[in-house]
Protein chains: 4
Amino acid sequence: MDFAFSARSLELQKEVERFLEEFIYPAEHVFEAQAAANRAAGTPFRTPEVLAGLKEEARSRGLWNLFLPSEASSRPEGDAAEGGAGLSVLDYAPIAELSGRSGAIAPEAMNCAAPDTGNMELLAMFASDEQRAQWLDPLLRGEIRSCFSMTEPAVASSDATNIALTITADGDSFVVDGRKWWSTGALRPECKVSIVMGVSDPEAAKYARHSMILVPLDTAGVTVERSTSVFGYDDGPHGGHGVVHFDNVRVPRENLLGPQGGGFMMAQARLGPGRIHHCMRALGVAERALELMCTRAQSRSTFGQPIAKHGMVQEWIAESRLAIEQARLLVLKTAWLIDTAGVRSARTEIAAIKVAAPRAASYVLDRAIQVHGAAGVSGDTPLAEAWAQLRTLHLADGPDEVHLRSVAREELRRHDDRS
Amino acid sequence: MDFAFSARSLELQKEVERFLEEFIYPAEHVFEAQAAANRAAGTPFRTPEVLAGLKEEARSRGLWNLFLPSEASSRPEGDAAEGGAGLSVLDYAPIAELSGRSGAIAPEAMNCAAPDTGNMELLAMFASDEQRAQWLDPLLRGEIRSCFSMTEPAVASSDATNIALTITADGDSFVVDGRKWWSTGALRPECKVSIVMGVSDPEAAKYARHSMILVPLDTAGVTVERSTSVFGYDDGPHGGHGVVHFDNVRVPRENLLGPQGGGFMMAQARLGPGRIHHCMRALGVAERALELMCTRAQSRSTFGQPIAKHGMVQEWIAESRLAIEQARLLVLKTAWLIDTAGVRSARTEIAAIKVAAPRAASYVLDRAIQVHGAAGVSGDTPLAEAWAQLRTLHLADGPDEVHLRSVAREELRRHDDRS
Amino acid sequence: MDFAFSARSLELQKEVERFLEEFIYPAEHVFEAQAAANRAAGTPFRTPEVLAGLKEEARSRGLWNLFLPSEASSRPEGDAAEGGAGLSVLDYAPIAELSGRSGAIAPEAMNCAAPDTGNMELLAMFASDEQRAQWLDPLLRGEIRSCFSMTEPAVASSDATNIALTITADGDSFVVDGRKWWSTGALRPECKVSIVMGVSDPEAAKYARHSMILVPLDTAGVTVERSTSVFGYDDGPHGGHGVVHFDNVRVPRENLLGPQGGGFMMAQARLGPGRIHHCMRALGVAERALELMCTRAQSRSTFGQPIAKHGMVQEWIAESRLAIEQARLLVLKTAWLIDTAGVRSARTEIAAIKVAAPRAASYVLDRAIQVHGAAGVSGDTPLAEAWAQLRTLHLADGPDEVHLRSVAREELRRHDDRS
Amino acid sequence: MDFAFSARSLELQKEVERFLEEFIYPAEHVFEAQAAANRAAGTPFRTPEVLAGLKEEARSRGLWNLFLPSEASSRPEGDAAEGGAGLSVLDYAPIAELSGRSGAIAPEAMNCAAPDTGNMELLAMFASDEQRAQWLDPLLRGEIRSCFSMTEPAVASSDATNIALTITADGDSFVVDGRKWWSTGALRPECKVSIVMGVSDPEAAKYARHSMILVPLDTAGVTVERSTSVFGYDDGPHGGHGVVHFDNVRVPRENLLGPQGGGFMMAQARLGPGRIHHCMRALGVAERALELMCTRAQSRSTFGQPIAKHGMVQEWIAESRLAIEQARLLVLKTAWLIDTAGVRSARTEIAAIKVAAPRAASYVLDRAIQVHGAAGVSGDTPLAEAWAQLRTLHLADGPDEVHLRSVAREELRRHDDRS
């Protein structure tokens, strides 16, 4: 077990910290204000304008596409920035954490925001040359955005085999038919394409029935019906969470991404590094919340002493530190396992951090809210919205319980092997 | 200990259930739609129109002002409905719970919504005849609404002695100067007056420094600056949560409510029955969430069986039932204590239910959300918004920790007496 | 819901309190010393001698067999003390709680100790006249003790249908064959008989296969092989927990208790009031532990102030009070339900308190231990042993999880009926 | 951060695993039986005889004194085994974990058992040549045992400045006067000396008042009054936990260990690596308990399926894995910090693992007990006794709360520095 970061990673971490200090943090209020103005203007899903400059700045500093493990562009002659940074999953992890400290802006400014990161990874691994040229390259350049359509409103998607949208071959087309939701980002104008998972081979074995297909959002029959909210937040600046109706949508056969029937395998492949990103960003949120908690606790007094002197508040601060530290180490170990042994070997850990990291972060956020009193639940601190985002992580990619179940089954299986 | 409800209470409970079934539940979607339309029209704090009819219906059925323990109107000749129902706190408790099942509509439809209930109680107890005629009567008739201005953004209000707004005698006026927030309802057009707590006697003993004063919201110098949100919710249909600036506001001396220096005593008096209402409504929310959890768990399947068959989900359902039952009994015991021994004797229990009931309800809501998956965090179920409202109850009227501290100190004191 | 205790119960509560103060508490150290001496003398399962006098005292004060709902003796001419006190389950509940404050002595001194109470109830309900004369009468007089043999070491007894000991008819005898454990009290000299549950009708329906039979412990083939410990405690003064081998034990057919195949029905009948007793005694333990916690917290100082001033300790004290209050109310409600609607109607509540009351008590004990520091885990306070006893309550009569499952299934069933 | 174990550590881990399999596990029942026989013979504090051979075996295999970072013997010509293995704290950590799997035997068999390890470390760091020859050498050879006398029954020792025993200079002697308890091992015949902490300089600064002194247990005035139990366990095979009365005990001035007034500094120095040992052994216990939990869950059935298929049991297994993994990583990080930056730099982490590792282990043990049902609380599995030992870790070296307080204060301090 060697969690040491490479010199390159350490250097990039410093660069990212500087970028946060100099550009991102000062832009947070601007971003908020622009989002509010867009909302007031009836265009809540428009990307706040400040982002464009931040993206340019990040790109010019080489803080661009750092999540991508390797050269991914279809154009070897392309701008260096378009390729990946060649960082291992472990090396990228602390950068993801840093970006999580300003989760609404930093990841996108660095072209490292979900769901595009996962989509770019999928495309880098499975796309044809044509698909790469058409979708991956503009994504790597940050010119367009994409969404991922997996969960469905009509079935319990926590068991992914329930997914019911159909992808039916018909001549040289596939017909996509069904309704998805939580297609994050689907409502922003820049979002041009969705990777859609559905049943292509209903008679095949349980885990070989599904495929992924690229559906441009301007295809006939695609309707983004509405956006779902998250605890009252529209997540407008990130394009909301689209409910997307695919009503007999016809796309060319070449739009199939990867092998037919390979949907589950690809979803798994997408999962590992993406999970690391999610979890580290969550811990970045938690670190910042802990800082806010300490600041507040030291600046307000009750019953004759600063809140920071009260035993229960000290308990929360200490427990927050314990929770973050432990969760982070588990995520880093998982990253190291992915790097050294592969996603498959790390699957139990990948399941474990799904539970551990959001749990740690949710705890810290909740206690930070409590220390802030009424301000904590309002929009006057970033805590409430961050908490709401974290709450979804206990459900996204499957509820915690499904992952605990996986960990338990693996433990029991290993135990069988041992005995 | 006798928690038996009177025949009148039992009868009213049935009436309220019928009212909910026939009028309130069917109106929920209408209310939501009108609120959305108001929001879209740029008048988010307008009261949805459906409420007016519901209020008339409730009043005509005698389901009006049930929270009030006794005749409270200043006009003995007044409409019977304007007086209280003469229910004991215990007798009203299950009615409060029922109203909590549709917490956005039912309490207000029955003229039993916070913060007006607490304000009406204060007025019924402490108002002069003129004050009663001017404010209490229209409140009892549901013609106007009021707000309560206690918490301040600049200090840790969990220690109420921190409250800093000043109420300064000047000739035959008082000058009110300071900034309050979480003046719930302040932004709705019907809200006409605030009961404001502030420092009137800065040199007096710690708990004799504060007074309450009636400030009409149209007085010169009063500005409702904005509304704070609760997570992403504006709580618009209930008039939001006002940040109110009182900038050298001058009101006649007669506007003082109750005795000068009596602010803390009155806040305590207001607290007891109001706490019962809050807690029972919270448990009403929880009961409805548990029903939704069961429905959902029985209607969706994962891994080959209904979610309701999964052990962890069963655990949540059972723990929810345990939590609700225990919390409700403690609230009822507290109500009974208030009725039979007075608020003062029940102060430890009043502190205890502050923690116990919202905790129970928050647990149930959180697990109901989890069972609903992604739908649970969205606006497609009432769960997320209800959870957000409940989250504020861990802070409103002082954070849980302050109340735990009170319970502990009382326990230690009683222990001293014993030994 | 009317939890008011009858005048008779209130009077008895005062009597029991006086008995505790004057006789029981002063005897605790004597009991401990005698138990230690017995252990040193190689007779750990001998009943400490002090108990005999306490029993006489209790009997002379009319604090005898109070658990029994009604006249139960077979001898109408018998000493009045031998019958029950005619208390309702609710009325007896606070007396059980009081006895739990000195759980090692008081229940037995008042002839209200498990497992004899449950056995006496079974006999009072199901025994023939001969059985009553032979076993119930001397039990009511406190002359002998009995044990209950249900759980088996070889199967998961949390699913009671797993019970495997056989009770086979053979001529005018039954042959009892199998091994039981946790036959509490089996090793004390006064223990004369066991009520044994086993399979009498292996071909019958699942819940009609088992019967109960009376087996005198001196019957040929009965061997009390050893006692199991509880966290290092031998529970010697109460006769330990016997592992009992029934090796082709032959008893007359008349020893069958109640109807053949009625084992489950009888186990259920035994369960309700006994559960109330267990739970209330647990809360009595908790109340006393909370007192000890307060005393200790006020008498020791760290970091410049009494432990009682530390926020975390105050939190524990407050949470202890909340836990006890809520659990007690649920137990009392359950008792009231049993009294007014019968055991069957109260079965969900009976399951719920199985979890709630020991959980509350275990929490209080654990925190009391923590406040006592190293003394808490030692034999220098009663806390550690009391905790250990409470820990078994999370398993005895089925693990908590089985009862949560029952509560959940009932909730889901009721929900089905409703919808 | 580099947690990679050296080749030597990895090799030793394999050796220890082999030693456990071949010698230790098979000896567990022998040890238990001999302990029981000793107890029955009235010599409960005698070391079970099987240990001697195991110690020889371990020593011959080079699995001896592995905890010691370096050559510590006073005799350079000494047996190589007597020196330390030269392992870093990180390298020794997994060996400590392995020894914890059979915590009653393996640590002592390898001469790596508390409290001797900490004492040997203290002696290796601070002892004079004479002290080393007299006490350290025979300890390193496993010929004698020692105890550590810090905690006192009369004060809240969780605040170590409360320690009150006096060490008073008088001519060329020191007079030691006071009462200690939890001097683990004091009652075994092999225990020859105690390191005693007390007040030597009552007028000095708060943390410069205490010294440590070597007191041979056969000095006049030393009385081991009795042993305290841990729950119901006497911990006899390890010499119990002595209550030691030092009644005007006179020892030569040369017995002072390290600098006068250096007690706190030395206690801190002793703490770091020892904490790692404790925590890793706790996790070794937890790993073995998790294995037992899995075995049991797979071998018993309830309600028609193996316990291992029940959702709640799977949850416990998964949560156990998460808890162990996270705690272990934090302990390893702490070990690495001690190795690379020193104990002082690692003090926050040393405080954090004090809470995290026992908490993780206690959770696993408690759930393992629950899965084992009644067997779990008895002596028929090692779980109950292991749980009891773990429970003391929440108090030993100061209660968890004191360490959480340290973590919080450090967090707040770091936060101050940052801002």
# chains A, B, ... in the order shown; residues from 1 in each chain; ligands from 1
>>> residues_around(residues="segment 298-302 of chain A", least_positions_apart="6", cutoff="12 Å", atoms="only C-alpha atoms", output="ChimeraX atom specification")
/A:291-292,308-310,313-314,317,371-373 /B:153-163,398-399,401-402 /D:409,411-413,415-416,419
>>> residues_around(residues="Arg209 of chain C", least_positions_apart="3", cutoff="12 Å", atoms="only C-alpha atoms", output="number ranges by chain")
C: 160-168, 197-206, 212, 259-265
>>> write_last_selection(atoms="C-alpha atoms", output="short mmCIF file (atom, residue, chain, number, x, y, z; two decimals), in the first residue's frame")
data_model
loop_
_atom_site.label_atom_id
_atom_site.label_comp_id
_atom_site.auth_asym_id
_atom_site.auth_seq_id
_atom_site.Cartn_x
_atom_site.Cartn_y
_atom_site.Cartn_z
CA ALA C 160 -38.63 -20.84 17.59
CA THR C 161 -39.86 -23.32 15.00
CA ASN C 162 -36.29 -24.62 14.97
CA ILE C 163 -36.71 -26.11 18.44
CA ALA C 164 -35.82 -29.78 18.13
CA LEU C 165 -36.04 -31.56 21.50
CA THR C 166 -38.60 -34.34 21.20
CA ILE C 167 -41.49 -35.19 23.50
CA THR C 168 -42.64 -38.58 22.35
CA MET C 197 -40.82 -27.13 25.29
CA GLY C 198 -40.31 -29.64 22.50
CA VAL C 199 -41.71 -31.32 19.45
CA SER C 200 -44.58 -33.62 20.29
CA ASP C 201 -46.33 -33.74 16.93
CA PRO C 202 -43.74 -33.54 14.19
CA GLU C 203 -46.30 -34.03 11.42
CA ALA C 204 -48.64 -31.30 12.60
CA ALA C 205 -48.84 -27.79 11.21
CA LYS C 206 -45.78 -25.65 11.87
CA MET C 212 -44.80 -28.11 27.05
CA PRO C 259 -53.04 -29.08 25.43
CA GLN C 260 -50.80 -31.26 23.31
CA GLY C 261 -49.53 -29.20 20.38
CA GLY C 262 -50.25 -26.03 22.31
CA GLY C 263 -46.66 -25.07 22.98
CA PHE C 264 -46.56 -22.01 20.75
CA MET C 265 -49.90 -20.75 21.90
#
>>> residues_around(residues="Pro94 of chain C", least_positions_apart="5", cutoff="10 Å", atoms="only C-alpha atoms", output="compact mmCIF listing (two decimals) with C-alpha atoms, in the first residue's frame")
# COMPACT_ATOMS: atom_id res chain seq x y z
CA PHE C 5 -52.51 3.78 38.31
CA SER C 9 -51.11 0.33 42.91
CA LEU C 10 -50.00 3.73 44.13
CA LEU C 12 -48.20 -0.60 46.88
CA GLN C 13 -45.60 1.48 45.04
CA VAL C 16 -42.30 -1.21 47.82
CA VAL C 89 -50.69 -5.47 34.20
CA SER C 99 -37.95 -4.07 41.88
CA GLY C 100 -35.55 -3.64 38.96
CA ILE C 276 -43.84 -5.90 30.64
CA HIS C 277 -42.05 -7.17 33.74
CA MET C 280 -40.01 -2.29 33.49
CA ARG C 281 -37.29 -3.95 35.52
CA LEU C 283 -36.04 0.70 33.22
CA GLY C 284 -35.69 0.43 36.97
CA ARG C 328 -41.43 3.72 29.84
CA LEU C 332 -47.10 1.45 30.02
>>> residues_around(residues="Ser229 of chain C", least_positions_apart="5", cutoff="10 Å", atoms="only C-alpha atoms", output="PyMOL selection string")
(chain C and resi 182+234-236+240-242) or (chain D and resi 232+375+377-380+384)
>>> residues_around(residues="Lys354 of chain D", least_positions_apart="5", cutoff="9 Å", atoms="only C-alpha atoms", output="list of chain:residue names")
D:Arg275, D:Ile276, D:His278, D:Cys279, D:Glu349, D:Arg359, D:Leu393, D:His394, D:Asp397, D:Pro399, D:Asp400, D:His403, D:Leu404
>>> residues_around(residues="Val285 of chain A", least_positions_apart="4", cutoff="10 Å", atoms="only C-alpha atoms", output="VMD selection string")
chain A and resid 97 to 103 279 to 281 289 to 290 361 to 362 364 to 365 382 to 383 386 to 387 390
>>> interface_residues(of="chain D", to="chain B", cutoff="8 Å", atoms="only C-alpha atoms", output="JSON, numbers by chain")
{"D": [310, 311, 312, 315]}
>>> write_last_selection(atoms="C-alpha atoms", output="PDB file, in the first residue's frame")
ATOM      1  CA  HIS D 310     -30.953 -11.741   6.116  1.00  0.00           C
ATOM      2  CA  GLY D 311     -30.613  -8.095   5.158  1.00  0.00           C
ATOM      3  CA  MET D 312     -29.861  -6.815   8.617  1.00  0.00           C
ATOM      4  CA  GLU D 315     -25.705  -4.827   6.855  1.00  0.00           C
TER       5      GLU D 315
END
>>> atom_distance(atom1="atom CA of Thr151 of chain A", atom2="atom CA of Arg179 of chain A")
8.9 Å
>>> atom_distance(atom1="atom CA of Ala327 of chain C", atom2="atom CA of Ala106 of chain C")
21.9 Å
>>> select_by_dssp(residues="segment 96-295 of chain C", states="helix (DSSP H, G or I)", output="PyMOL selection string")
chain C and resi 96-100+106-109+116-126+129-140+160-162+206-208+236-238+253-255+263-295
>>> residues_around(residues="segment 44-60 of chain A", least_positions_apart="4", cutoff="9 Å", atoms="only C-alpha atoms", output="PyMOL selection string")
chain A and resi 16+19+23-24+27+30-40+64-65+81+105-106+108-111+142+185+187-190+234-240
>>> select_by_dssp(residues="segment 3-171 of chain C", states="strand (DSSP E or B)", output="ChimeraX atom specification")
/C:145-149,166-170
>>> decode(residues="segment 167-286 of chain D", atoms="C-alpha atoms", output="CSV table (one decimal), in the first residue's frame")
chain,number,residue,atom,x,y,z
D,167,ILE,CA,6.9,10.7,45.6
D,168,THR,CA,8.8,12.6,48.3
D,169,ALA,CA,12.5,13.0,48.5
D,170,ASP,CA,13.8,12.1,52.0
D,171,GLY,CA,17.6,11.8,52.4
D,172,ASP,CA,18.8,9.3,49.8
D,173,SER,CA,15.4,7.8,49.4
D,174,PHE,CA,12.1,8.6,47.9
D,175,VAL,CA,9.0,7.9,49.9
D,176,VAL,CA,6.1,6.7,47.8
D,177,ASP,CA,2.7,7.2,49.3
D,178,GLY,CA,-0.7,6.6,47.8
D,179,ARG,CA,-3.1,4.1,46.2
D,180,LYS,CA,-3.2,3.0,42.6
D,181,TRP,CA,-5.5,0.7,40.7
D,182,TRP,CA,-5.7,-0.9,37.3
D,183,SER,CA,-2.0,-2.0,37.7
D,184,THR,CA,-2.6,-4.7,35.2
D,185,GLY,CA,-0.6,-7.9,35.9
D,186,ALA,CA,0.3,-7.0,39.5
D,187,LEU,CA,-1.1,-10.2,40.9
D,188,ARG,CA,0.8,-12.7,38.9
D,189,PRO,CA,3.8,-14.2,40.6
D,190,GLU,CA,6.2,-13.2,37.9
D,191,CYS,CA,5.4,-9.5,38.3
D,192,LYS,CA,8.4,-8.0,40.1
D,193,VAL,CA,8.3,-4.3,39.6
D,194,SER,CA,6.0,-1.4,39.0
D,195,ILE,CA,6.6,1.9,37.3
D,196,VAL,CA,4.8,4.3,39.5
D,197,MET,CA,3.7,7.8,38.5
D,198,GLY,CA,3.2,10.4,41.2
D,199,VAL,CA,3.7,13.9,42.4
D,200,SER,CA,7.3,14.7,43.2
D,201,ASP,CA,7.3,18.4,42.8
D,202,PRO,CA,4.0,19.8,44.0
D,203,GLU,CA,5.0,23.4,43.5
D,204,ALA,CA,6.2,23.0,40.0
D,205,ALA,CA,4.3,23.9,36.9
D,206,LYS,CA,1.2,21.8,36.2
D,207,TYR,CA,2.9,19.4,33.8
D,208,ALA,CA,6.2,19.3,35.6
D,209,ARG,CA,5.0,18.0,39.0
D,210,HIS,CA,5.0,14.3,38.3
D,211,SER,CA,7.8,11.8,38.2
D,212,MET,CA,8.1,8.0,37.5
D,213,ILE,CA,9.8,5.7,39.9
D,214,LEU,CA,10.6,2.0,39.9
D,215,VAL,CA,9.1,0.2,42.9
D,216,PRO,CA,9.9,-3.5,43.3
D,217,LEU,CA,6.7,-5.1,44.5
D,218,ASP,CA,8.5,-6.8,47.4
D,219,THR,CA,9.4,-3.5,48.9
D,220,ALA,CA,8.1,-3.0,52.4
D,221,GLY,CA,4.8,-1.1,52.4
D,222,VAL,CA,3.7,-2.3,49.0
D,223,THR,CA,0.4,-4.2,49.2
D,224,VAL,CA,-1.5,-5.6,46.3
D,225,GLU,CA,-4.8,-5.4,48.0
D,226,ARG,CA,-7.0,-7.1,45.5
D,227,SER,CA,-7.8,-7.3,41.8
D,228,THR,CA,-10.6,-5.4,40.1
D,229,SER,CA,-12.6,-7.4,37.6
D,230,VAL,CA,-13.6,-6.3,34.0
D,231,PHE,CA,-17.3,-7.1,33.8
D,232,GLY,CA,-17.3,-10.6,35.2
D,233,TYR,CA,-13.8,-11.5,34.2
D,234,ASP,CA,-10.9,-11.6,36.6
D,235,ASP,CA,-8.3,-11.5,33.9
D,236,GLY,CA,-6.5,-13.9,36.1
D,237,PRO,CA,-4.2,-15.5,33.5
D,238,HIS,CA,-2.7,-12.1,32.9
D,239,GLY,CA,-2.3,-11.3,36.6
D,240,GLY,CA,-5.5,-9.4,37.1
D,241,HIS,CA,-5.7,-5.6,37.7
D,242,GLY,CA,-4.1,-4.8,40.9
D,243,VAL,CA,-5.3,-2.3,43.5
D,244,VAL,CA,-1.9,-1.4,45.0
D,245,HIS,CA,-1.4,0.4,48.2
D,246,PHE,CA,1.9,2.2,48.5
D,247,ASP,CA,2.1,2.9,52.2
D,248,ASN,CA,5.1,5.1,52.9
D,249,VAL,CA,7.2,2.9,50.7
D,250,ARG,CA,10.8,3.8,50.8
D,251,VAL,CA,13.0,3.2,47.7
D,252,PRO,CA,16.5,4.5,46.9
D,253,ARG,CA,16.8,7.7,45.0
D,254,GLU,CA,18.4,5.7,42.1
D,255,ASN,CA,15.0,4.2,41.4
D,256,LEU,CA,13.8,7.4,39.9
D,257,LEU,CA,13.2,6.7,36.2
D,258,GLY,CA,14.3,9.5,33.9
D,259,PRO,CA,14.3,13.1,35.0
D,260,GLN,CA,12.5,14.3,38.1
D,261,GLY,CA,9.4,16.2,37.0
D,262,GLY,CA,9.5,14.4,33.7
D,263,GLY,CA,6.5,12.1,34.4
D,264,PHE,CA,4.1,13.7,31.8
D,265,MET,CA,6.8,14.0,29.2
D,266,MET,CA,7.6,10.3,29.6
D,267,ALA,CA,3.9,9.3,29.7
D,268,GLN,CA,3.5,11.0,26.4
D,269,ALA,CA,6.6,9.3,24.9
D,270,ARG,CA,5.3,5.9,26.1
D,271,LEU,CA,2.0,6.7,24.5
D,272,GLY,CA,2.5,6.8,20.8
D,273,PRO,CA,3.8,3.4,19.7
D,274,GLY,CA,1.8,1.8,22.5
D,275,ARG,CA,-1.4,3.3,21.1
D,276,ILE,CA,-0.6,1.8,17.8
D,277,HIS,CA,-0.1,-1.6,19.4
D,278,HIS,CA,-3.4,-1.4,21.3
D,279,CYS,CA,-5.4,-0.3,18.3
D,280,MET,CA,-4.0,-2.9,15.9
D,281,ARG,CA,-4.5,-5.6,18.4
D,282,ALA,CA,-8.1,-4.4,18.7
D,283,LEU,CA,-8.5,-4.6,15.0
D,284,GLY,CA,-7.1,-8.1,15.1
D,285,VAL,CA,-9.7,-9.1,17.5
D,286,ALA,CA,-12.3,-7.5,15.2
